[in-house]
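Asker: Below is the file entry-v4.tsv, which contains TSV, C-alpha atoms.
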```tsv
chain	number	residue	atom	x	y	z
A	1	MET	CA	0.00	0.00	0.00
A	2	PRO	CA	1.41	3.46	-0.87
A	3	ALA	CA	2.72	5.44	2.11
A	4	LEU	CA	0.11	8.19	1.64
A	5	LEU	CA	-2.73	5.65	1.91
A	6	ILE	CA	-1.17	4.11	4.98
A	7	HIS	CA	-1.01	7.51	6.66
A	8	ALA	CA	-4.60	8.34	5.70
A	9	SER	CA	-5.75	4.97	7.03
A	10	LEU	CA	-3.88	5.58	10.28
A	11	LEU	CA	-5.55	8.97	10.77
A	12	LEU	CA	-9.03	7.62	10.01
A	13	THR	CA	-8.59	4.69	12.38
A	14	LEU	CA	-7.28	6.96	15.10
A	15	ALA	CA	-10.11	9.46	14.64
A	16	ALA	CA	-12.71	6.70	14.81
A	17	ALA	CA	-11.22	5.37	18.04
A	18	ILE	CA	-11.22	8.84	19.59
A	19	CYS	CA	-14.81	9.57	18.56
A	20	ALA	CA	-15.88	6.29	20.11
A	21	GLN	CA	-14.16	7.11	23.38
A	22	ALA	CA	-14.93	10.82	23.72
A	23	PRO	CA	-18.58	10.55	24.88
A	24	ASP	CA	-17.48	8.46	27.87
A	25	GLN	CA	-14.79	10.93	28.91
A	26	ARG	CA	-17.08	13.90	29.62
A	27	LEU	CA	-20.56	14.25	31.06
A	28	PRO	CA	-23.29	14.42	28.39
A	29	ILE	CA	-25.39	17.41	27.40
A	30	GLU	CA	-28.39	16.33	29.49
A	31	HIS	CA	-26.28	16.33	32.67
A	32	ASP	CA	-26.26	19.36	34.99
A	33	ASP	CA	-22.46	19.29	34.83
A	34	PHE	CA	-22.30	18.96	31.04
A	35	GLY	CA	-18.72	18.88	29.78
A	36	LEU	CA	-16.95	18.08	33.05
A	37	PRO	CA	-14.87	14.88	33.06
A	38	GLN	CA	-16.36	11.54	33.98
A	39	ARG	CA	-14.79	10.14	37.12
A	40	SER	CA	-14.52	6.72	35.52
A	41	ALA	CA	-12.98	7.92	32.24
A	42	SER	CA	-9.60	6.73	31.02
A	43	TRP	CA	-7.25	9.54	29.98
A	44	LEU	CA	-4.37	8.27	27.86
A	45	PRO	CA	-2.86	11.37	26.24
A	46	TYR	CA	0.69	10.12	25.75
A	47	ALA	CA	0.61	6.33	25.53
A	48	ALA	CA	-1.88	3.50	25.09
A	49	ALA	CA	-0.83	1.97	28.42
A	50	GLU	CA	-2.71	3.59	31.27
A	51	GLY	CA	0.22	3.19	33.65
A	52	HIS	CA	2.74	4.91	31.35
A	53	VAL	CA	4.62	7.48	33.41
A	54	CYS	CA	3.71	10.35	31.05
A	55	ASN	CA	0.02	9.52	31.47
A	56	ARG	CA	0.41	9.42	35.25
A	57	ILE	CA	2.06	12.84	35.24
A	58	PHE	CA	-0.67	14.25	33.01
A	59	ARG	CA	-3.45	12.99	35.26
A	60	GLN	CA	-1.73	14.46	38.31
A	61	LEU	CA	-1.79	17.91	36.68
A	62	TYR	CA	-4.90	17.95	34.51
A	63	LEU	CA	-7.45	16.14	36.68
A	64	ALA	CA	-8.41	17.43	40.10
A	65	GLU	CA	-11.24	17.07	42.57
A	66	CYS	CA	-11.78	20.39	44.29
A	67	ILE	CA	-14.21	23.04	45.50
A	68	PRO	CA	-14.29	25.99	43.08
A	69	THR	CA	-13.48	29.41	44.48
A	70	ALA	CA	-16.55	30.73	42.67
A	71	VAL	CA	-19.64	29.15	41.10
A	72	ALA	CA	-21.27	31.10	38.27
A	73	ALA	CA	-25.01	31.70	38.14
A	74	ALA	CA	-24.84	30.83	34.43
A	75	LEU	CA	-24.70	27.12	35.32
A	76	PRO	CA	-28.09	25.49	34.65
A	77	ARG	CA	-28.47	24.36	38.27
A	78	GLU	CA	-27.85	27.90	39.53
A	79	HIS	CA	-30.85	29.66	37.95
A	80	THR	CA	-34.46	28.71	37.36
A	81	ASP	CA	-36.13	31.01	34.82
A	82	ALA	CA	-33.67	31.42	31.92
A	83	LYS	CA	-35.76	34.16	30.31
A	84	GLN	CA	-35.37	36.31	33.40
A	85	PHE	CA	-31.76	35.33	34.03
A	86	PHE	CA	-30.34	36.44	30.69
A	87	ALA	CA	-30.49	40.14	31.40
A	88	ALA	CA	-27.81	42.80	31.81
A	89	GLY	CA	-24.91	41.47	33.90
A	90	TRP	CA	-25.82	37.78	33.62
A	91	TYR	CA	-22.16	36.91	32.96
A	92	PHE	CA	-21.00	38.53	36.24
A	93	LYS	CA	-23.32	36.72	38.65
A	94	LYS	CA	-21.66	34.16	40.90
A	95	ARG	CA	-21.39	32.94	44.48
A	96	LYS	CA	-18.67	31.52	46.68
A	97	GLY	CA	-17.97	27.81	46.27
A	98	GLU	CA	-19.05	25.42	49.04
A	99	GLU	CA	-18.58	21.74	49.85
A	100	ARG	CA	-21.68	20.86	47.79
A	101	ASP	CA	-19.85	22.29	44.74
A	102	ARG	CA	-17.01	19.80	44.91
A	103	ARG	CA	-16.51	18.31	41.46
A	104	TRP	CA	-14.02	16.46	39.27
A	105	PHE	CA	-12.45	18.97	36.86
A	106	GLY	CA	-10.00	18.96	33.95
A	107	GLY	CA	-9.23	16.37	31.28
A	108	ASP	CA	-7.50	16.54	27.94
A	109	GLY	CA	-7.86	20.22	27.08
A	110	ARG	CA	-6.47	23.66	27.84
A	111	GLN	CA	-7.77	24.17	31.38
A	112	LEU	CA	-5.21	23.20	34.04
A	113	PRO	CA	-7.06	22.76	37.38
A	114	ALA	CA	-4.10	22.02	39.69
A	115	GLU	CA	-2.98	24.85	41.97
A	116	GLY	CA	-0.21	22.95	43.64
A	117	LEU	CA	0.04	19.49	45.17
A	118	PRO	CA	-0.12	18.15	48.72
A	119	GLN	CA	3.22	16.83	49.90
A	120	PRO	CA	2.67	13.10	49.19
A	121	ALA	CA	1.53	13.86	45.64
A	122	ALA	CA	4.42	16.30	45.13
A	123	THR	CA	6.91	13.65	46.27
A	124	GLN	CA	5.36	11.14	43.88
A	125	LEU	CA	5.45	13.61	40.98
A	126	LYS	CA	9.14	14.23	41.63
A	127	LYS	CA	9.81	10.49	41.33
A	128	TRP	CA	7.82	10.26	38.11
A	129	LEU	CA	9.71	13.20	36.60
A	130	GLN	CA	13.00	11.38	37.30
A	131	GLN	CA	11.68	8.39	35.33
A	132	ILE	CA	11.43	10.55	32.19
A	133	ASP	CA	14.90	9.59	31.02
A	134	GLY	CA	16.74	6.96	28.99
A	135	ASP	CA	14.38	4.69	27.04
A	136	VAL	CA	11.29	6.63	28.12
A	137	THR	CA	12.77	9.87	26.78
A	138	ASN	CA	13.95	8.28	23.54
A	139	GLU	CA	10.53	6.77	22.93
A	140	LEU	CA	8.84	10.14	23.52
A	141	LEU	CA	11.30	12.03	21.32
A	142	SER	CA	10.55	9.60	18.48
A	143	ARG	CA	7.05	11.15	18.45
A	144	PRO	CA	7.82	14.87	18.12
A	145	ARG	CA	4.27	16.16	18.61
A	146	ALA	CA	3.86	14.18	21.81
A	147	ALA	CA	7.27	15.33	23.08
A	148	VAL	CA	6.48	19.02	22.44
A	149	TRP	CA	3.08	18.81	24.08
A	150	PHE	CA	4.38	16.89	27.10
A	151	GLN	CA	7.09	19.50	27.58
A	152	HIS	CA	4.41	22.20	27.36
A	153	ASP	CA	2.40	20.52	30.14
A	154	LEU	CA	5.46	20.48	32.40
A	155	LEU	CA	6.18	24.15	31.76
A	156	ARG	CA	2.55	25.19	32.23
A	157	PHE	CA	2.51	23.59	35.65
A	158	ALA	CA	5.82	25.23	36.55
A	159	ARG	CA	4.25	28.57	35.59
A	160	ARG	CA	1.23	27.80	37.77
A	161	LEU	CA	3.46	27.02	40.74
A	162	LEU	CA	5.24	30.35	40.30
A	163	ASP	CA	1.90	32.16	40.17
A	164	VAL	CA	0.39	30.53	43.27
A	165	LYS	CA	3.70	30.27	45.17
A	166	GLN	CA	3.28	26.56	45.87
A	167	ASN	CA	5.66	23.56	45.75
A	168	PRO	CA	8.88	25.49	45.03
A	169	GLU	CA	10.75	22.17	45.29
A	170	LEU	CA	9.08	21.04	42.04
A	171	VAL	CA	10.08	23.95	39.82
A	172	GLN	CA	13.62	22.81	39.00
A	173	PRO	CA	12.67	19.12	38.49
A	174	LEU	CA	9.93	20.23	36.08
A	175	LEU	CA	12.37	22.43	34.17
A	176	ALA	CA	15.04	19.71	34.08
A	177	CYS	CA	12.53	17.20	32.73
A	178	ALA	CA	11.38	19.72	30.11
A	179	HIS	CA	14.99	20.01	28.93
A	180	ARG	CA	15.39	16.23	28.72
A	181	VAL	CA	12.50	15.95	26.27
A	182	ALA	CA	13.62	18.95	24.17
A	183	LEU	CA	14.08	18.50	20.43
A	184	PRO	CA	16.57	20.19	18.06
A	185	ARG	CA	15.32	23.45	16.56
A	186	GLN	CA	15.30	22.04	13.04
A	187	VAL	CA	12.85	19.35	14.20
A	188	LEU	CA	10.67	21.85	16.04
A	189	LEU	CA	10.39	23.91	12.84
A	190	SER	CA	9.75	20.90	10.61
A	191	PRO	CA	6.44	19.46	9.37
A	192	SER	CA	6.86	16.55	11.81
A	193	VAL	CA	5.55	18.83	14.56
A	194	ARG	CA	2.87	20.63	12.53
A	195	THR	CA	-0.79	20.09	13.26
A	196	THR	CA	-3.27	22.27	11.37
A	197	THR	CA	-2.62	25.41	9.32
A	198	LEU	CA	-4.34	28.74	8.76
A	199	GLU	CA	-5.29	27.63	5.26
A	200	ASP	CA	-6.91	24.44	6.57
A	201	VAL	CA	-8.82	26.23	9.34
A	202	ALA	CA	-9.97	29.07	7.08
A	203	THR	CA	-11.69	26.71	4.68
A	204	LYS	CA	-13.81	25.30	7.53
A	205	ILE	CA	-15.01	28.67	8.94
A	206	PRO	CA	-18.24	29.96	7.33
A	207	GLY	CA	-17.85	33.48	5.99
A	208	PHE	CA	-14.08	33.49	6.43
A	209	ASP	CA	-12.48	34.44	3.13
A	210	GLN	CA	-8.73	34.12	3.57
A	211	ARG	CA	-8.16	36.30	0.51
A	212	ARG	CA	-9.74	39.19	2.43
A	213	CYS	CA	-8.27	38.54	5.87
A	214	ILE	CA	-5.56	40.54	7.58
A	215	GLU	CA	-3.45	39.48	10.55
A	216	VAL	CA	-3.77	41.89	13.46
A	217	ALA	CA	-0.85	43.05	15.60
A	218	ARG	CA	-1.95	44.34	19.00
A	219	ASN	CA	-0.99	44.76	22.63
A	220	SER	CA	-1.75	41.41	24.24
A	221	SER	CA	-3.27	40.80	27.62
A	222	ARG	CA	-1.70	38.31	30.02
A	223	LEU	CA	-3.93	35.58	28.57
A	224	PHE	CA	-2.04	35.85	25.28
A	225	ASP	CA	1.46	36.54	26.60
A	226	ALA	CA	3.78	33.55	26.16
A	227	GLU	CA	5.55	34.42	29.41
A	228	TYR	CA	2.38	33.24	31.15
A	229	VAL	CA	0.74	30.78	28.74
A	230	GLN	CA	3.72	29.38	26.75
A	231	LEU	CA	1.73	29.80	23.52
A	232	TRP	CA	1.94	32.07	20.51
A	233	SER	CA	-1.30	33.55	19.23
A	234	THR	CA	-2.35	35.15	15.97
A	235	ILE	CA	-5.60	36.95	15.10
A	236	HIS	CA	-6.89	37.03	11.54
A	237	LEU	CA	-9.69	39.46	10.72
A	238	VAL	CA	-12.25	39.48	7.91
A	239	ILE	CA	-14.45	42.57	7.59
A	240	PRO	CA	-17.14	42.17	4.90
A	241	GLU	CA	-16.76	44.43	1.88
A	242	LEU	CA	-13.24	45.51	2.94
A	243	GLN	CA	-9.99	44.08	1.68
A	244	GLY	CA	-6.24	44.66	2.05
A	245	GLU	CA	-5.41	48.35	2.46
A	246	ALA	CA	-9.03	49.20	3.32
A	247	VAL	CA	-8.93	46.86	6.33
A	248	ALA	CA	-5.57	48.28	7.39
A	249	ALA	CA	-6.94	51.82	7.12
A	250	TRP	CA	-9.94	50.91	9.27
A	251	LEU	CA	-7.71	49.24	11.89
A	252	THR	CA	-5.50	52.28	12.34
A	253	ALA	CA	-8.17	55.02	12.14
A	254	GLY	CA	-8.49	55.16	15.93
A	255	ASP	CA	-11.51	57.15	17.14
A	256	GLN	CA	-12.45	57.87	13.53
A	257	ARG	CA	-13.32	54.23	12.83
A	258	THR	CA	-16.83	53.44	11.71
A	259	PRO	CA	-18.73	50.78	13.73
A	260	LEU	CA	-17.59	47.26	13.01
A	261	ALA	CA	-19.47	45.82	10.05
A	262	MET	CA	-22.06	43.11	10.56
A	263	HIS	CA	-20.77	39.55	10.07
A	264	THR	CA	-17.17	40.50	10.80
A	265	VAL	CA	-15.20	37.41	11.83
A	266	ALA	CA	-11.98	37.18	13.84
A	267	LEU	CA	-10.04	33.90	13.96
A	268	LEU	CA	-7.62	33.29	16.83
A	269	MET	CA	-5.07	30.50	16.51
A	270	GLN	CA	-2.73	29.34	19.29
A	271	GLY	CA	0.29	27.08	19.14
A	272	ILE	CA	3.03	25.88	21.48
A	273	VAL	CA	6.27	27.74	22.12
A	274	ALA	CA	8.71	24.95	22.98
A	275	ILE	CA	12.26	24.87	24.33
A	276	ASP	CA	14.81	23.44	21.92
A	277	ASP	CA	17.74	21.21	22.92
A	278	GLN	CA	19.88	24.33	23.42
A	279	GLY	CA	17.42	25.74	25.94
A	280	LYS	CA	16.09	28.43	23.59
A	281	PRO	CA	12.40	29.23	22.88
A	282	CYS	CA	11.01	28.10	19.54
A	283	ALA	CA	7.50	28.90	18.25
A	284	THR	CA	6.33	25.66	16.64
A	285	ASP	CA	3.58	24.79	14.16
A	286	LEU	CA	1.89	22.64	16.79
A	287	VAL	CA	-1.44	24.50	16.81
A	288	ILE	CA	-3.66	23.26	19.64
A	289	GLU	CA	-6.61	25.65	19.63
A	290	ALA	CA	-8.67	27.86	17.33
A	291	ARG	CA	-11.46	30.29	18.20
A	292	THR	CA	-13.74	32.53	16.21
A	293	GLN	CA	-15.68	35.63	17.22
A	294	ARG	CA	-18.47	36.78	14.91
A	295	LEU	CA	-20.80	39.79	14.99
A	296	SER	CA	-24.12	38.13	14.16
A	297	ASN	CA	-26.65	40.85	15.08
A	298	ARG	CA	-27.12	44.07	16.99
A	299	ASP	CA	-30.40	43.11	18.61
A	300	PRO	CA	-30.93	43.93	22.31
A	301	LEU	CA	-29.64	41.69	25.08
A	302	ALA	CA	-32.28	39.02	25.72
A	303	PHE	CA	-32.84	35.32	26.23
A	304	ASP	CA	-34.33	35.19	22.73
A	305	ASN	CA	-31.19	36.63	21.09
A	306	PRO	CA	-29.77	33.35	19.71
A	307	THR	CA	-26.09	34.22	20.13
A	308	THR	CA	-23.39	33.19	22.59
A	309	THR	CA	-23.41	36.50	24.45
A	310	ARG	CA	-27.20	36.93	24.11
A	311	ASP	CA	-26.52	40.37	22.63
A	312	GLY	CA	-25.28	39.59	19.14
A	313	VAL	CA	-21.80	38.06	19.37
A	314	ASP	CA	-21.13	34.41	18.58
A	315	PHE	CA	-18.13	32.34	19.57
A	316	ALA	CA	-16.85	28.99	18.42
A	317	MET	CA	-13.90	27.04	19.82
A	318	TRP	CA	-11.97	24.00	18.67
A	319	SER	CA	-9.40	22.19	20.79
A	320	LEU	CA	-6.96	19.49	19.73
A	321	ALA	CA	-6.79	16.60	22.18
A	322	ARG	CA	-3.36	15.21	22.96
A	323	GLU	CA	-4.72	11.73	22.39
A	324	THR	CA	-5.60	12.68	18.81
A	325	VAL	CA	-1.92	13.07	17.86
A	326	ARG	CA	-0.50	10.64	20.40
A	327	ASP	CA	0.38	7.95	17.88
A	328	THR	CA	0.46	10.01	14.68
A	329	ASP	CA	3.58	9.15	12.72
A	330	SER	CA	6.01	12.07	12.36
A	331	SER	CA	6.01	11.52	8.59
A	332	VAL	CA	2.35	12.62	8.54
A	333	HIS	CA	2.90	16.33	7.94
A	334	ASN	CA	-0.50	17.70	8.86
A	335	VAL	CA	-3.24	16.93	11.37
A	336	PRO	CA	-6.49	18.04	9.73
A	337	PHE	CA	-8.60	20.66	11.44
A	338	THR	CA	-11.52	18.22	11.29
A	339	SER	CA	-9.67	16.24	13.99
A	340	PHE	CA	-10.08	19.09	16.48
A	341	ARG	CA	-12.84	18.80	19.09
A	342	SER	CA	-15.60	21.36	18.71
A	343	ILE	CA	-16.40	22.76	22.15
A	344	ASP	CA	-20.05	23.36	22.95
A	345	MET	CA	-20.21	26.89	24.35
A	346	GLU	CA	-22.75	25.77	26.96
A	347	SER	CA	-20.40	23.09	28.27
A	348	GLN	CA	-18.59	23.68	31.54
A	349	ALA	CA	-15.05	23.87	32.87
A	350	LEU	CA	-13.01	25.19	35.77
A	351	PHE	CA	-11.51	28.41	34.40
A	352	ARG	CA	-8.34	28.81	36.46
A	353	ASP	CA	-6.31	30.68	33.81
A	354	TYR	CA	-8.52	33.72	34.29
A	355	GLY	CA	-7.73	34.29	37.98
A	356	SER	CA	-9.20	32.00	40.63
A	357	ARG	CA	-10.92	28.65	40.19
A	358	LYS	CA	-14.30	29.52	38.70
A	359	HIS	CA	-16.82	26.89	37.63
A	360	THR	CA	-18.83	28.29	34.72
A	361	THR	CA	-19.77	27.76	31.08
A	362	TYR	CA	-17.60	28.69	28.10
A	363	ALA	CA	-20.35	31.06	26.95
A	364	ALA	CA	-20.43	32.97	30.22
A	365	GLN	CA	-16.65	33.16	30.45
A	366	CYS	CA	-16.33	34.55	26.92
A	367	ALA	CA	-19.20	37.01	27.42
A	368	LEU	CA	-17.39	38.61	30.36
A	369	CYS	CA	-14.90	40.34	28.08
A	370	HIS	CA	-16.36	40.06	24.59
A	371	ARG	CA	-20.02	41.05	24.93
A	372	ARG	CA	-21.36	43.77	22.65
A	373	SER	CA	-23.61	45.77	25.00
A	374	ASN	CA	-23.00	47.50	28.34
A	375	THR	CA	-19.42	48.26	27.39
A	376	PRO	CA	-17.65	51.38	26.11
A	377	ASP	CA	-16.53	49.30	23.12
A	378	GLU	CA	-20.03	48.67	21.77
A	379	ALA	CA	-19.06	50.03	18.33
A	380	ILE	CA	-16.51	47.23	17.93
A	381	ALA	CA	-18.86	44.61	19.43
A	382	GLY	CA	-16.56	43.18	22.07
A	383	PHE	CA	-13.66	42.43	19.69
A	384	SER	CA	-11.09	43.28	22.35
A	385	ALA	CA	-8.09	43.03	20.02
A	386	LEU	CA	-9.57	45.94	18.07
A	387	ARG	CA	-9.82	48.33	21.01
A	388	THR	CA	-7.82	51.52	20.57
A	389	SER	CA	-6.00	50.64	23.82
A	390	SER	CA	-4.78	47.46	22.09
A	391	GLN	CA	-3.24	49.59	19.33
A	392	PRO	CA	-4.36	47.29	16.49
A	393	ALA	CA	-2.37	47.40	13.26
A	394	PRO	CA	-1.53	45.07	10.38
A	395	ALA	CA	0.94	42.45	11.58
A	396	LYS	CA	4.20	41.75	9.81
A	397	PRO	CA	4.69	38.10	8.78
A	398	GLY	CA	6.02	36.03	11.67
A	399	ALA	CA	6.14	38.98	14.08
A	400	ARG	CA	3.74	37.48	16.61
A	401	ARG	CA	5.75	34.27	16.81
A	402	ARG	CA	9.02	36.15	17.29
A	403	LEU	CA	7.35	38.20	20.04
A	404	ALA	CA	6.15	35.01	21.74
A	405	GLU	CA	9.70	33.64	21.75
A	406	ARG	CA	10.94	36.79	23.50
A	407	GLU	CA	8.10	36.55	26.01
A	408	MET	CA	8.89	32.87	26.61
A	409	LEU	CA	12.53	33.76	27.31
A	410	ARG	CA	11.42	36.00	30.18
A	411	PHE	CA	9.57	33.04	31.69
A	412	LEU	CA	12.57	30.74	31.31
A	413	ASP	CA	14.82	33.31	32.97
A	414	LYS	CA	12.46	33.38	35.96
A	415	LEU	CA	12.35	29.59	36.16
A	416	ARG	CA	16.12	29.27	36.01
A	417	ALA	CA	16.52	31.83	38.76
A	418	LYS	CA	14.52	29.69	41.19
```
In structure tokens, what does this structure look like?

Answerer:
Amino acid sequence: MPALLIHASLLLTLAAAICAQAPDQRLPIEHDDFGLPQRSASWLPYAAAEGHVCNRIFRQLYLAECIPTAVAAALPREHTDAKQFFAAGWYFKKRKGEERDRRWFGGDGRQLPAEGLPQPAATQLKKWLQQIDGDVTNELLSRPRAAVWFQHDLLRFARRLLDVKQNPELVQPLLACAHRVALPRQVLLSPSVRTTTLEDVATKIPGFDQRRCIEVARNSSRLFDAEYVQLWSTIHLVIPELQGEAVAAWLTAGDQRTPLAMHTVALLMQGIVAIDDQGKPCATDLVIEARTQRLSNRDPLAFDNPTTTRDGVDFAMWSLARETVRDTDSSVHNVPFTSFRSIDMESQALFRDYGSRKHTTYAAQCALCHRRSNTPDEAIAGFSALRTSSQPAPAKPGARRRLAEREMLRFLDKLRAK
């Protein structure tokens, strides 16, 4: 069988296996905790064997039973009459978490629930990190995508420990392990690490004409600063009826800009900034998440406004599961965007990246910052990257990735100083 057919067969088989497993990993739509992980689920992001040390490390970091700091009123169990609830300020309403709110959070995704580990678990993690060496390391490095993502998980947790000032004894072991699984820069920049591409994603987004899009340079918040998230991010904007220089002129017109046109779409893509085998940051083509923001209407805020924010703005999110690329051969030079998991905006998670542990829906979390109404940015419909304070401008090719590498270096300097 030709190599191309073998690779296609491998991807189809893998995708079928993942689709069959996914419903059992998270609670179904009819459940009050829709989207949270099943307690009984198997999470095998890095190897088929459940007891593989990389899987054990992942579960220690990305699965946690805890009481949220805050519980949002947007959760179905927290409000009764939805028509009355979806009024001004619905996205802000919350209460303090209690024992009855204890849940199992996390899973194979972006949200990292751990805030530090109790001493027995920290001691065990330290032992597991030491086992990532020799044959284990060689086996992981033979699968470049898995190696890059595993390194990213280690560094994300190290960042979390710095932020919450917990388990200082784990910071250096995490960094040392991250270095042991580092790949040469030429591998990190090769197709063997690539997942999806802008071209692939663009063809799957309704109303997104790549011929009309422009990449936006802007001042990034902490959520998109590689010093804190170890990811690069790019934003690609399509404004209907505008193209090229006309979009650039609108971006840089400041207070003279006309209101954002209906059906404008912004596409955010995020990929991993790794450490190469020389200890230097490298922005890879391992894209792990894509999001779109779309201005769908300017109707008033109401339950009957059929948009994510309930006031005219729609969001969509796609996340690549580690398990999807776990066994993908490095000679397969692209992981199709159709392999990404579409996230239901009404599903739930523990949003720790945004401050404290908050149990809420994706829709409510996004609406906090990107709603259209009750904000001074109503003319740009919650597209925060387009705020004048963000200083939006056309981006130069590759500039955002080079910026992310500089930001990542600041993080590494802090880690090495510990």

Asker: Set the distance at 6 Å and use all atoms listed in the file: which residues neighbour segment 347-352 of chain A once local chain neighbours fewer than 4 positions away are removed? I'd like the list as a ChimeraX atom specification.

Answerer: /A:34-35,356-361

Asker: Do you have the atom CA of Asp33 of chain A-atom CA of Glu346 of chain A distance handy?

Answerer: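 Atom CA of Glu346 of chain A lies 10.2 Å from atom CA of Asp33 of chain A.
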
Asker: So, with only C-alpha atoms as the atoms that count, which of A:Asn55, A:Asn305, A:Ser40, A:Gln172 lies closest to Glu323 of chain A?

Answerer: A:Asn55

Asker: With distances taken over all atoms listed in the file, which of A:Leu301, A:Ala41, A:Met408, A:Ala246 is nearest to Arg26 of chain A?

Answerer: A:Ala41

Asker: Give me the residues within 6 Å of segment 330-336 of chain A as an MDAnalysis selection string, counting all atoms listed in the file and dropping any in the same chain fewer than 5 places off.

Answerer: chainID A and resid 191:192 194:196

Asker: Excluding same-chain residues fewer than 6 positions from Gln256 of chain A, what lies within 12 Å of it counting all atoms listed in the file, as a JSON list (two decimals) with C-alpha atoms, in the frame of the given file?

Answerer:
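Ended up saving to selection-v7.json:
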```json
[["chain", "number", "residue", "atom", "x", "y", "z"],
["A", 249, "ALA", "CA", -6.94, 51.82, 7.12],
["A", 250, "TRP", "CA", -9.94, 50.91, 9.27],
["A", 379, "ALA", "CA", -19.06, 50.03, 18.33],
["A", 388, "THR", "CA", -7.82, 51.52, 20.57]]
```

Asker: Taking a cut-off of 12 Å and counting only C-alpha atoms, can you build a table that, for each residue of segment 64-180 of chain A near segment 371-375 of chain A, reports the nearest atom pair and how far apart they are in Å (one decimal), sorted by chain then residue number, as CSV?

Answerer:
```
residue,atom,partner,partner_atom,distance
A:Ala87,CA,A:Asn374,CA,10.9
A:Ala88,CA,A:Asn374,CA,7.6
A:Gly89,CA,A:Asn374,CA,8.4
A:Trp90,CA,A:Arg371,CA,10.9
A:Tyr91,CA,A:Arg371,CA,9.3
A:Phe92,CA,A:Arg371,CA,11.6
```

Asker: May I ask for the distance between atom CA of Tyr362 of chain A and atom CA of Met345 of chain A, given in Å to one decimal place?

Answerer: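 Interatomic distance, atom CA of Tyr362 of chain A to atom CA of Met345 of chain A: 4.9 Å.
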